[in-house]
file start-v3.cif (mmCIF, C-alpha atoms)
data_protein
loop_
_atom_site.group_PDB
_atom_site.id
_atom_site.type_symbol
_atom_site.label_atom_id
_atom_site.label_comp_id
_atom_site.auth_asym_id
_atom_site.auth_seq_id
_atom_site.Cartn_x
_atom_site.Cartn_y
_atom_site.Cartn_z
ATOM 1 C CA LEU D 239 0.000 0.000 0.000
ATOM 2 C CA ALA D 240 2.827 2.381 0.841
ATOM 3 C CA VAL D 241 4.475 1.704 -2.526
ATOM 4 C CA ALA D 242 1.167 2.265 -4.337
ATOM 5 C CA ALA D 243 0.669 5.565 -2.515
ATOM 6 C CA LEU D 244 4.200 6.640 -3.415
ATOM 7 C CA VAL D 245 3.655 5.772 -7.074
ATOM 8 C CA ALA D 246 0.367 7.707 -7.117
ATOM 9 C CA ALA D 247 1.998 10.746 -5.514
ATOM 10 C CA LEU D 248 4.863 10.609 -8.013
ATOM 11 C CA ALA D 249 2.446 10.386 -10.939
ATOM 12 C CA ALA D 250 0.494 13.393 -9.633
ATOM 13 C CA ALA D 251 3.708 15.405 -9.270
ATOM 14 C CA ILE D 252 4.771 14.541 -12.825
ATOM 15 C CA ALA D 253 1.336 15.554 -14.169
ATOM 16 C CA ALA D 254 1.441 18.866 -12.286
ATOM 17 C CA THR D 255 4.930 19.602 -13.637
ATOM 18 C CA ALA D 256 3.754 18.859 -17.183
ATOM 19 C CA LEU D 257 0.822 21.260 -16.775
ATOM 20 C CA ARG D 258 3.132 24.022 -15.519
ATOM 21 C CA ARG D 259 5.524 23.469 -18.423
ATOM 22 C CA GLN D 260 2.642 23.518 -20.894
ATOM 23 C CA ALA D 261 1.391 26.806 -19.434
ATOM 24 C CA GLY D 262 4.901 28.252 -19.656
ATOM 25 C CA HIS D 263 5.267 27.246 -23.320
ATOM 26 C CA GLN D 264 1.844 28.763 -24.034
ATOM 27 C CA ARG D 265 2.819 32.069 -22.413
ATOM 28 C CA ALA D 266 6.030 32.139 -24.422
ATOM 29 C CA ARG D 267 4.139 31.591 -27.690
ATOM 30 C CA ASN D 268 1.699 34.382 -26.842
ATOM 31 C CA ALA D 269 4.465 36.833 -26.024
ATOM 32 C CA ALA D 270 5.913 36.275 -29.508
ATOM 33 C CA SER D 271 2.740 37.351 -31.329
ATOM 34 C CA PRO D 272 2.734 41.100 -32.097
ATOM 35 C CA LEU D 273 -0.681 40.893 -33.794
ATOM 36 C CA ALA D 274 -2.172 39.305 -30.672
ATOM 37 C CA ASP D 275 -0.486 41.935 -28.489
ATOM 38 C CA ALA D 276 -2.041 44.691 -30.619
ATOM 39 C CA ALA D 277 -5.488 43.091 -30.291
ATOM 40 C CA LEU D 278 -5.029 42.853 -26.523
ATOM 41 C CA ALA D 279 -4.042 46.504 -26.194
ATOM 42 C CA GLY D 280 -7.703 47.515 -26.387
ATOM 43 C CA GLY D 281 -9.967 48.918 -29.050
ATOM 44 C CA PRO D 282 -12.478 51.640 -29.955
ATOM 45 C CA CYS D 283 -15.661 52.323 -28.031
ATOM 46 C CA THR D 284 -18.814 52.869 -30.076
ATOM 47 C CA VAL D 285 -21.217 51.971 -27.256
ATOM 48 C CA ALA D 286 -22.855 54.830 -25.375
ATOM 49 C CA GLN D 287 -21.042 55.447 -22.082
ATOM 50 C CA VAL D 288 -23.030 57.152 -19.328
ATOM 51 C CA THR D 289 -21.960 58.033 -15.795
ATOM 52 C CA ASP D 290 -24.566 57.661 -13.040
ATOM 53 C CA LEU D 291 -27.317 56.857 -15.529
ATOM 54 C CA SER D 292 -30.759 57.333 -13.988
ATOM 55 C CA CYS D 293 -33.270 54.505 -14.128
ATOM 56 C CA ALA D 294 -35.761 56.687 -16.015
ATOM 57 C CA ASP D 295 -33.179 57.555 -18.686
ATOM 58 C CA PHE D 296 -32.152 53.907 -18.929
ATOM 59 C CA VAL D 297 -35.764 52.889 -19.579
ATOM 60 C CA ASP D 298 -36.294 55.713 -22.098
ATOM 61 C CA ARG D 299 -33.111 55.249 -24.122
ATOM 62 C CA TYR D 300 -31.743 51.738 -23.750
ATOM 63 C CA LEU D 301 -34.105 49.145 -22.246
ATOM 64 C CA GLY D 302 -34.770 46.628 -25.011
ATOM 65 C CA ARG D 303 -33.171 48.932 -27.600
ATOM 66 C CA GLU D 304 -29.364 48.980 -27.550
ATOM 67 C CA PRO D 305 -26.359 48.312 -25.319
ATOM 68 C CA VAL D 306 -24.983 50.900 -22.918
ATOM 69 C CA VAL D 307 -21.911 51.051 -20.675
ATOM 70 C CA ILE D 308 -22.788 52.411 -17.246
ATOM 71 C CA ARG D 309 -20.192 53.964 -14.962
ATOM 72 C CA ALA D 310 -20.943 54.631 -11.293
ATOM 73 C CA ALA D 311 -19.183 57.720 -9.956
ATOM 74 C CA GLY D 312 -21.159 58.699 -6.892
ATOM 75 C CA GLY D 313 -24.847 58.448 -7.590
ATOM 76 C CA HIS D 314 -25.211 54.655 -7.337
ATOM 77 C CA ALA D 315 -23.124 53.222 -4.514
ATOM 78 C CA ALA D 316 -24.686 49.788 -5.037
ATOM 79 C CA LEU D 317 -23.204 49.584 -8.533
ATOM 80 C CA ARG D 318 -19.681 49.911 -7.157
ATOM 81 C CA ASN D 319 -20.025 46.611 -5.240
ATOM 82 C CA ALA D 320 -17.073 47.529 -3.026
ATOM 83 C CA ALA D 321 -17.377 44.451 -0.774
ATOM 84 C CA PHE D 322 -17.525 41.948 -3.616
ATOM 85 C CA VAL D 323 -14.735 43.661 -5.561
ATOM 86 C CA GLN D 324 -12.458 43.030 -2.584
ATOM 87 C CA LEU D 325 -13.737 39.468 -2.149
ATOM 88 C CA SER D 326 -13.110 38.643 -5.824
ATOM 89 C CA SER D 327 -9.539 39.943 -5.950
ATOM 90 C CA GLU D 328 -6.955 37.417 -7.123
ATOM 91 C CA ASP D 329 -5.240 37.252 -3.739
ATOM 92 C CA ARG D 330 -8.429 36.689 -1.738
ATOM 93 C CA VAL D 331 -9.832 34.175 -4.200
ATOM 94 C CA ARG D 332 -6.637 32.137 -3.946
ATOM 95 C CA ARG D 333 -6.565 32.357 -0.132
ATOM 96 C CA GLU D 334 -10.248 32.044 0.739
ATOM 97 C CA ALA D 335 -12.143 30.448 -2.141
ATOM 98 C CA GLY D 336 -9.734 27.891 -3.581
ATOM 99 C CA HIS D 337 -11.749 24.995 -2.131
ATOM 100 C CA LEU D 338 -14.865 25.859 -4.145
ATOM 101 C CA PRO D 339 -15.794 23.337 -6.850
ATOM 102 C CA VAL D 340 -15.949 24.649 -10.415
ATOM 103 C CA LYS D 341 -17.416 23.214 -13.587
ATOM 104 C CA LEU D 342 -15.619 24.482 -16.670
ATOM 105 C CA SER D 343 -16.980 24.575 -20.195
ATOM 106 C CA THR D 344 -15.031 24.937 -23.404
ATOM 107 C CA ALA D 345 -14.989 28.491 -24.784
ATOM 108 C CA ASN D 346 -16.746 27.851 -28.092
ATOM 109 C CA ALA D 347 -20.147 28.905 -29.420
ATOM 110 C CA PHE D 348 -23.078 26.616 -30.277
ATOM 111 C CA THR D 349 -21.104 23.500 -31.231
ATOM 112 C CA GLY D 350 -20.894 20.630 -28.767
ATOM 113 C CA ARG D 351 -19.221 21.843 -25.597
ATOM 114 C CA GLU D 352 -17.169 19.713 -23.275
ATOM 115 C CA TRP D 353 -17.098 20.049 -19.488
ATOM 116 C CA THR D 354 -14.593 19.285 -16.776
ATOM 117 C CA GLU D 355 -14.630 19.709 -13.009
ATOM 118 C CA MET D 356 -11.941 20.713 -10.501
ATOM 119 C CA THR D 357 -11.463 23.071 -7.568
ATOM 120 C CA LEU D 358 -11.054 26.804 -8.057
ATOM 121 C CA SER D 359 -7.454 26.629 -6.820
ATOM 122 C CA GLU D 360 -6.663 23.898 -9.386
ATOM 123 C CA TYR D 361 -8.200 26.018 -12.141
ATOM 124 C CA MET D 362 -6.127 29.047 -11.152
ATOM 125 C CA ALA D 363 -2.926 27.008 -10.819
ATOM 126 C CA HIS D 364 -3.121 24.959 -14.001
ATOM 127 C CA THR D 365 -5.759 26.298 -16.425
ATOM 128 C CA LEU D 366 -5.974 30.054 -15.883
ATOM 129 C CA GLY D 367 -3.474 31.740 -18.167
ATOM 130 C CA PRO D 368 -2.928 33.529 -21.475
ATOM 131 C CA GLN D 369 -4.635 32.184 -24.583
ATOM 132 C CA ALA D 370 -2.457 30.675 -27.300
ATOM 133 C CA THR D 371 -3.520 32.122 -30.654
ATOM 134 C CA GLU D 372 -3.429 28.721 -32.343
ATOM 135 C CA LYS D 373 -5.512 26.978 -29.673
ATOM 136 C CA GLN D 374 -9.186 26.582 -30.575
ATOM 137 C CA GLY D 375 -12.126 27.536 -28.406
ATOM 138 C CA ASN D 376 -13.312 23.945 -28.140
ATOM 139 C CA GLN D 377 -9.906 23.112 -26.626
ATOM 140 C CA THR D 378 -9.938 25.956 -24.081
ATOM 141 C CA PHE D 379 -11.637 25.529 -20.694
ATOM 142 C CA TYR D 380 -13.171 28.668 -19.259
ATOM 143 C CA LEU D 381 -14.722 29.505 -15.864
ATOM 144 C CA PHE D 382 -18.022 31.296 -16.251
ATOM 145 C CA GLY D 383 -21.173 30.340 -14.373
ATOM 146 C CA SER D 384 -22.256 26.836 -13.301
ATOM 147 C CA GLN D 385 -21.716 27.747 -9.627
ATOM 148 C CA HIS D 386 -24.074 25.835 -7.361
ATOM 149 C CA GLY D 387 -24.350 24.788 -3.743
ATOM 150 C CA PRO D 388 -24.285 26.461 -0.307
ATOM 151 C CA ALA D 389 -20.573 27.355 -0.454
ATOM 152 C CA TRP D 390 -20.986 29.200 -3.765
ATOM 153 C CA ASP D 391 -24.197 30.849 -2.525
ATOM 154 C CA GLU D 392 -22.253 32.222 0.438
ATOM 155 C CA PHE D 393 -19.459 33.500 -1.812
ATOM 156 C CA LEU D 394 -21.850 35.242 -4.243
ATOM 157 C CA GLN D 395 -24.186 36.634 -1.555
ATOM 158 C CA PRO D 396 -22.470 40.046 -1.112
ATOM 159 C CA TYR D 397 -22.847 40.905 -4.810
ATOM 160 C CA VAL D 398 -25.538 43.486 -5.624
ATOM 161 C CA PRO D 399 -26.812 43.001 -9.202
ATOM 162 C CA PRO D 400 -27.413 46.033 -11.446
ATOM 163 C CA THR D 401 -31.091 45.027 -11.523
ATOM 164 C CA HIS D 402 -31.379 46.640 -8.058
ATOM 165 C CA VAL D 403 -30.987 49.924 -9.971
ATOM 166 C CA TYR D 404 -32.228 49.159 -13.515
ATOM 167 C CA PRO D 405 -34.965 46.821 -14.780
ATOM 168 C CA SER D 406 -34.463 44.112 -17.369
ATOM 169 C CA GLU D 407 -36.894 43.303 -20.188
ATOM 170 C CA SER D 408 -38.210 40.332 -18.239
ATOM 171 C CA PHE D 409 -39.427 42.686 -15.494
ATOM 172 C CA LEU D 410 -41.961 44.125 -17.953
ATOM 173 C CA ASN D 411 -43.886 40.838 -18.231
ATOM 174 C CA GLY D 412 -44.682 41.680 -21.851
ATOM 175 C CA ALA D 413 -46.092 45.133 -21.084
ATOM 176 C CA SER D 414 -44.861 48.354 -22.674
ATOM 177 C CA VAL D 415 -43.625 51.351 -20.719
ATOM 178 C CA ALA D 416 -45.751 54.405 -21.409
ATOM 179 C CA GLY D 417 -45.805 57.538 -19.302
ATOM 180 C CA ASP D 418 -43.963 58.768 -16.240
ATOM 181 C CA LEU D 419 -46.135 56.790 -13.813
ATOM 182 C CA ALA D 420 -45.277 53.530 -15.525
ATOM 183 C CA LYS D 421 -41.568 54.383 -15.461
ATOM 184 C CA GLN D 422 -41.824 55.426 -11.830
ATOM 185 C CA ALA D 423 -43.394 52.080 -10.922
ATOM 186 C CA LEU D 424 -40.819 50.145 -12.958
ATOM 187 C CA CYS D 425 -37.940 52.041 -11.318
ATOM 188 C CA ASP D 426 -39.225 51.735 -7.766
ATOM 189 C CA PRO D 427 -36.275 50.408 -5.702
ATOM 190 C CA GLY D 428 -38.464 48.044 -3.719
ATOM 191 C CA VAL D 429 -39.933 46.573 -6.903
ATOM 192 C CA LEU D 430 -36.487 46.165 -8.484
ATOM 193 C CA VAL D 431 -35.082 44.381 -5.428
ATOM 194 C CA ALA D 432 -38.121 42.100 -5.196
ATOM 195 C CA LYS D 433 -37.999 41.166 -8.876
ATOM 196 C CA SER D 434 -34.238 40.608 -8.678
ATOM 197 C CA LYS D 435 -34.599 38.156 -5.798
ATOM 198 C CA ASP D 436 -36.199 35.420 -7.891
ATOM 199 C CA GLY D 437 -35.749 36.709 -11.440
ATOM 200 C CA VAL D 438 -31.972 37.147 -11.711
ATOM 201 C CA SER D 439 -29.332 34.463 -12.234
ATOM 202 C CA LEU D 440 -25.717 35.312 -11.392
ATOM 203 C CA SER D 441 -22.732 33.917 -13.302
ATOM 204 C CA PHE D 442 -19.254 34.637 -11.932
ATOM 205 C CA GLY D 443 -16.207 34.351 -14.180
ATOM 206 C CA ILE D 444 -12.421 34.344 -13.915
ATOM 207 C CA ALA D 445 -10.279 34.293 -17.045
ATOM 208 C CA GLY D 446 -6.782 34.979 -18.350
ATOM 209 C CA ARG D 447 -5.368 37.330 -20.947
ATOM 210 C CA GLY D 448 -6.535 36.599 -24.490
ATOM 211 C CA THR D 449 -9.342 34.248 -23.480
ATOM 212 C CA GLY D 450 -12.968 34.948 -24.270
ATOM 213 C CA VAL D 451 -16.119 33.576 -25.828
ATOM 214 C CA PRO D 452 -16.855 33.788 -29.582
ATOM 215 C CA PHE D 453 -20.088 35.223 -30.979
ATOM 216 C CA HIS D 454 -23.316 33.979 -29.434
ATOM 217 C CA PHE D 455 -26.641 35.405 -28.289
ATOM 218 C CA HIS D 456 -29.172 34.818 -25.524
ATOM 219 C CA GLY D 457 -31.594 36.719 -23.333
ATOM 220 C CA PRO D 458 -30.960 40.181 -21.869
ATOM 221 C CA GLY D 459 -28.622 40.936 -19.018
ATOM 222 C CA PHE D 460 -25.887 42.995 -17.447
ATOM 223 C CA LEU D 461 -22.210 42.246 -16.930
ATOM 224 C CA GLN D 462 -20.026 44.051 -14.429
ATOM 225 C CA GLN D 463 -16.255 44.080 -14.791
ATOM 226 C CA LEU D 464 -14.692 43.478 -11.364
ATOM 227 C CA HIS D 465 -10.960 43.151 -12.101
ATOM 228 C CA GLY D 466 -9.007 43.594 -15.312
ATOM 229 C CA ARG D 467 -10.438 44.730 -18.638
ATOM 230 C CA LYS D 468 -12.743 43.009 -21.106
ATOM 231 C CA ARG D 469 -13.295 43.930 -24.754
ATOM 232 C CA TRP D 470 -16.832 43.539 -26.137
ATOM 233 C CA MET D 471 -17.936 43.321 -29.780
ATOM 234 C CA LEU D 472 -21.678 43.337 -30.561
ATOM 235 C CA TYR D 473 -24.047 43.126 -33.533
ATOM 236 C CA PRO D 474 -27.834 43.807 -33.492
ATOM 237 C CA PRO D 475 -30.351 40.935 -33.498
ATOM 238 C CA GLY D 476 -30.559 39.100 -36.803
ATOM 239 C CA SER D 477 -26.963 39.885 -37.765
ATOM 240 C CA LYS D 478 -24.747 37.094 -39.072
ATOM 241 C CA PRO D 479 -21.134 38.038 -38.375
ATOM 242 C CA ARG D 480 -18.463 35.990 -40.120
ATOM 243 C CA TYR D 481 -16.790 33.707 -37.593
ATOM 244 C CA HIS D 482 -16.130 30.041 -36.871
ATOM 245 C CA PRO D 483 -17.818 28.782 -33.678
ATOM 246 C CA ASN D 484 -14.771 26.744 -32.632
ATOM 247 C CA GLU D 485 -12.224 29.521 -33.111
ATOM 248 C CA THR D 486 -11.385 31.844 -30.247
ATOM 249 C CA THR D 487 -12.209 35.525 -30.116
ATOM 250 C CA LEU D 488 -8.475 36.277 -30.135
ATOM 251 C CA HIS D 489 -8.053 34.330 -33.384
ATOM 252 C CA TRP D 490 -11.065 36.184 -34.855
ATOM 253 C CA ILE D 491 -9.718 39.626 -33.951
ATOM 254 C CA VAL D 492 -6.260 38.863 -35.345
ATOM 255 C CA ASN D 493 -7.442 37.163 -38.551
ATOM 256 C CA GLU D 494 -10.992 38.330 -39.396
ATOM 257 C CA TYR D 495 -11.672 41.629 -37.635
ATOM 258 C CA PRO D 496 -9.359 43.892 -39.731
ATOM 259 C CA ASP D 497 -10.887 42.734 -43.034
ATOM 260 C CA LEU D 498 -14.441 43.052 -41.701
ATOM 261 C CA VAL D 499 -13.806 46.590 -40.462
ATOM 262 C CA ALA D 500 -12.208 47.543 -43.793
ATOM 263 C CA ALA D 501 -15.281 46.216 -45.616
ATOM 264 C CA GLY D 502 -17.678 48.107 -43.324
ATOM 265 C CA GLU D 503 -18.852 44.837 -41.758
ATOM 266 C CA GLY D 504 -17.232 45.171 -38.338
ATOM 267 C CA PRO D 505 -19.170 45.167 -35.065
ATOM 268 C CA THR D 506 -21.743 47.944 -34.873
ATOM 269 C CA HIS D 507 -21.023 48.310 -31.161
ATOM 270 C CA GLU D 508 -17.800 47.642 -29.286
ATOM 271 C CA CYS D 509 -16.080 48.856 -26.158
ATOM 272 C CA VAL D 510 -13.473 47.963 -23.534
ATOM 273 C CA LEU D 511 -14.885 47.592 -20.025
ATOM 274 C CA GLU D 512 -12.703 48.948 -17.239
ATOM 275 C CA PRO D 513 -13.021 47.726 -13.635
ATOM 276 C CA LEU D 514 -16.470 48.529 -12.172
ATOM 277 C CA ASP D 515 -18.008 49.286 -15.587
ATOM 278 C CA VAL D 516 -21.381 47.659 -16.259
ATOM 279 C CA ILE D 517 -22.592 46.798 -19.751
ATOM 280 C CA TYR D 518 -26.264 46.199 -20.511
ATOM 281 C CA PHE D 519 -27.097 44.024 -23.526
ATOM 282 C CA PRO D 520 -30.670 43.571 -24.786
ATOM 283 C CA ARG D 521 -32.145 40.275 -25.877
ATOM 284 C CA ASP D 522 -30.653 38.503 -28.931
ATOM 285 C CA TRP D 523 -27.718 40.866 -29.490
ATOM 286 C CA MET D 524 -24.807 38.863 -30.927
ATOM 287 C CA HIS D 525 -21.685 39.420 -28.874
ATOM 288 C CA ALA D 526 -18.145 38.151 -28.384
ATOM 289 C CA THR D 527 -15.725 38.982 -25.584
ATOM 290 C CA LEU D 528 -11.966 39.154 -25.146
ATOM 291 C CA ASN D 529 -10.236 39.381 -21.755
ATOM 292 C CA LEU D 530 -7.279 41.758 -21.844
ATOM 293 C CA ASP D 531 -5.471 41.177 -18.549
ATOM 294 C CA ASN D 532 -3.823 38.265 -16.763
ATOM 295 C CA TYR D 533 -6.478 38.201 -14.036
ATOM 296 C CA THR D 534 -9.903 39.206 -15.277
ATOM 297 C CA SER D 535 -12.992 38.638 -13.131
ATOM 298 C CA PHE D 536 -16.568 39.617 -13.888
ATOM 299 C CA MET D 537 -20.182 38.970 -12.913
ATOM 300 C CA ALA D 538 -23.114 38.580 -15.274
ATOM 301 C CA SER D 539 -26.693 39.099 -14.154
ATOM 302 C CA PHE D 540 -29.140 37.374 -16.476
ATOM 303 C CA ALA D 541 -32.736 38.496 -16.114
#
call {"tool": "encode", "arguments": {"input": "start-v3.cif", "output": "structure tokens"}}
result
Amino acid sequence: LAVAALVAALAAAIAATALRRQAGHQRARNAASPLADAALAGGPCTVAQVTDLSCADFVDRYLGREPVVIRAAGGHAALRNAAFVQLSSEDRVRREAGHLPVKLSTANAFTGREWTEMTLSEYMAHTLGPQATEKQGNQTFYLFGSQHGPAWDEFLQPYVPPTHVYPSESFLNGASVAGDLAKQALCDPGVLVAKSKDGVSLSFGIAGRGTGVPFHFHGPGFLQQLHGRKRWMLYPPGSKPRYHPNETTLHWIVNEYPDLVAAGEGPTHECVLEPLDVIYFPRDWMHATLNLDNYTSFMASFA
């Protein structure tokens, strides 16, 4: 039994060393790609950016219409999520949340995804890292969502979703907003908190530089950038951007994006989210994301 245990421990050590070497080779390949470095430097912002956006203005201008980047300066303390920003820092996640179980999906759109499970500390030690430009999305595991159980509930509990300040389309229950009284009722803080309690699903993510998700669409929601920067590219509903569902966003930006922009077929809306920025995206807007920093964490609120 002692020999078997020793053999098992040796095999685990060899596997861990191989993973670290693989991550090191991947980082070296990424550093040698000037086109990838240019893509990861940032990009233009053609999405409306509003500081301390009021709920009434959000309903009038953006709800169900188009994306908007919301920045909280002083008017909406809840949007700053100071407690959860500290809790989700790289240092605290490593020290205090490494035991949490995570279920990772491959970072590809629509085609058959694969899943794997590990602890958060294992993900950060062996999987979190820069994206190799030649590695496909269906070969890249990515932490976003699929967090269940009492331990995850406790971790996510301090987060205040943007739906405490702004409604989502689902809050309308199919009705239209007409008149100041209707907007006042829709923007009532008590109503927003009550609807958020059962009508909002949180998805927490941690990702490395150059990772992201290729174009896809779903229901409406908000995403708040907690740490690092994230680049967003969006097209209106019904658009059919040219991309391969198994190729990464980084590969798309390096190889497809310049030609599409030159042909006038680039994303109609794009922007780089800085820490604490919140982006709202209406239903069925096609979007792809690219994480720009070594430690990028974010929270989506789907409603």
call {"tool": "resolve_selection", "arguments": {"input": "start-v3.cif", "expression": "the PyMOL selection byres ((chain D and resi 505) around 7)", "output": "PDB file with C-alpha atoms, in the frame of the given file"}}
result
ATOM      1  CA  MET D 471     -17.936  43.321 -29.780  1.00  0.00           C
ATOM      2  CA  LEU D 472     -21.678  43.337 -30.561  1.00  0.00           C
ATOM      3  CA  TYR D 473     -24.047  43.126 -33.533  1.00  0.00           C
ATOM      4  CA  GLU D 503     -18.852  44.837 -41.758  1.00  0.00           C
ATOM      5  CA  GLY D 504     -17.232  45.171 -38.338  1.00  0.00           C
ATOM      6  CA  THR D 506     -21.743  47.944 -34.873  1.00  0.00           C
ATOM      7  CA  HIS D 507     -21.023  48.310 -31.161  1.00  0.00           C
ATOM      8  CA  GLU D 508     -17.800  47.642 -29.286  1.00  0.00           C
TER       9      GLU D 508
END
call {"tool": "resolve_selection", "arguments": {"input": "start-v3.cif", "expression": "the PyMOL selection byres ((chain D and resi 452) around 6)", "output": "JSON, numbers by chain"}}
result
{"D": [347, 451, 453, 486, 487, 526]}
call {"tool": "closest_atom_pairs", "arguments": {"input": "start-v3.cif", "of": "range 460-520 of chain D", "to": "range 309-331 of chain D", "cutoff": "12 Å", "atoms": "all atoms listed in the file", "output": "tab-separated table"}}
result
residue	atom	partner	partner_atom	distance
D:Phe460	CA	D:Leu317	CA	11.4
D:Leu461	CA	D:Leu317	CA	11.2
D:Gln462	CA	D:Leu317	CA	8.7
D:Gln463	CA	D:Val323	CA	9.4
D:Leu464	CA	D:Val323	CA	5.8
D:His465	CA	D:Ser327	CA	7.1
D:Gly466	CA	D:Ser327	CA	10.1
D:Leu511	CA	D:Arg309	CA	9.7
D:Glu512	CA	D:Arg309	CA	9.3
D:Pro513	CA	D:Val323	CA	9.2
D:Leu514	CA	D:Arg318	CA	6.1
D:Asp515	CA	D:Arg309	CA	5.2
D:Val516	CA	D:Arg309	CA	6.5
D:Ile517	CA	D:Arg309	CA	8.9
D:Tyr518	CA	D:Arg309	CA	11.3
call {"tool": "residues_around", "arguments": {"input": "start-v3.cif", "residues": "Val297 in chain D", "least_positions_apart": "2", "cutoff": "12 Å", "atoms": "all atoms listed in the file", "output": "ChimeraX atom specification"}}
result
/D:291-295,299-306,403-407,409-410,414-418,420-425,518,520
call {"tool": "closest_residue", "arguments": {"input": "start-v3.cif", "among": "D:Ala541, D:Val398, D:Met362, D:Leu278", "to": "Val438 in chain D", "atoms": "all atoms listed in the file"}}
result
D:Ala541
call {"tool": "atom_distance", "arguments": {"input": "start-v3.cif", "atom1": "CA of Ser359 in chain D", "atom2": "CA of Thr527 in chain D"}}
result
23.9 Å
call {"tool": "atom_distance", "arguments": {"input": "start-v3.cif", "atom1": "CA of Leu358 in chain D", "atom2": "CA of Pro399 in chain D"}}
result
22.6 Å
call {"tool": "closest_residue", "arguments": {"input": "start-v3.cif", "among": "D:Pro496, D:Pro368, D:Gly437, D:Pro339", "to": "Leu273 in chain D", "atoms": "only C-alpha atoms"}}
result
D:Pro496
call {"tool": "closest_residue", "arguments": {"input": "start-v3.cif", "among": "D:Leu430, D:Ala501, D:Val340, D:Met524", "to": "Gly476 in chain D", "atoms": "only C-alpha atoms"}}
result
D:Met524
call {"tool": "residues_around", "arguments": {"input": "start-v3.cif", "residues": "Glu485 in chain D", "least_positions_apart": "4", "cutoff": "9 Å", "atoms": "all atoms listed in the file", "output": "tab-separated table (two decimals) with C-alpha atoms, keeping the file's coordinate frame"}}
result
chain	number	residue	atom	x	y	z
D	345	ALA	CA	-14.99	28.49	-24.78
D	346	ASN	CA	-16.75	27.85	-28.09
D	347	ALA	CA	-20.15	28.90	-29.42
D	372	GLU	CA	-3.43	28.72	-32.34
D	373	LYS	CA	-5.51	26.98	-29.67
D	374	GLN	CA	-9.19	26.58	-30.58
D	375	GLY	CA	-12.13	27.54	-28.41
D	376	ASN	CA	-13.31	23.94	-28.14
D	452	PRO	CA	-16.86	33.79	-29.58
D	481	TYR	CA	-16.79	33.71	-37.59
D	489	HIS	CA	-8.05	34.33	-33.38
D	490	TRP	CA	-11.06	36.18	-34.85
call {"tool": "closest_residue", "arguments": {"input": "start-v3.cif", "among": "D:His337, D:His454, D:Lys435, D:His364", "to": "Phe393 in chain D", "atoms": "all atoms listed in the file"}}
result
D:His337
call {"tool": "resolve_selection", "arguments": {"input": "start-v3.cif", "expression": "the PyMOL selection byres ((chain D and resi 367) around 7)", "output": "list in words"}}
result
Thr365, Leu366, Pro368, Gln369, Gly446, Arg447 and Asn532 of chain D
call {"tool": "atom_distance", "arguments": {"input": "start-v3.cif", "atom1": "CA of Val288 in chain D", "atom2": "CA of Asn529 in chain D"}}
result
22.0 Å
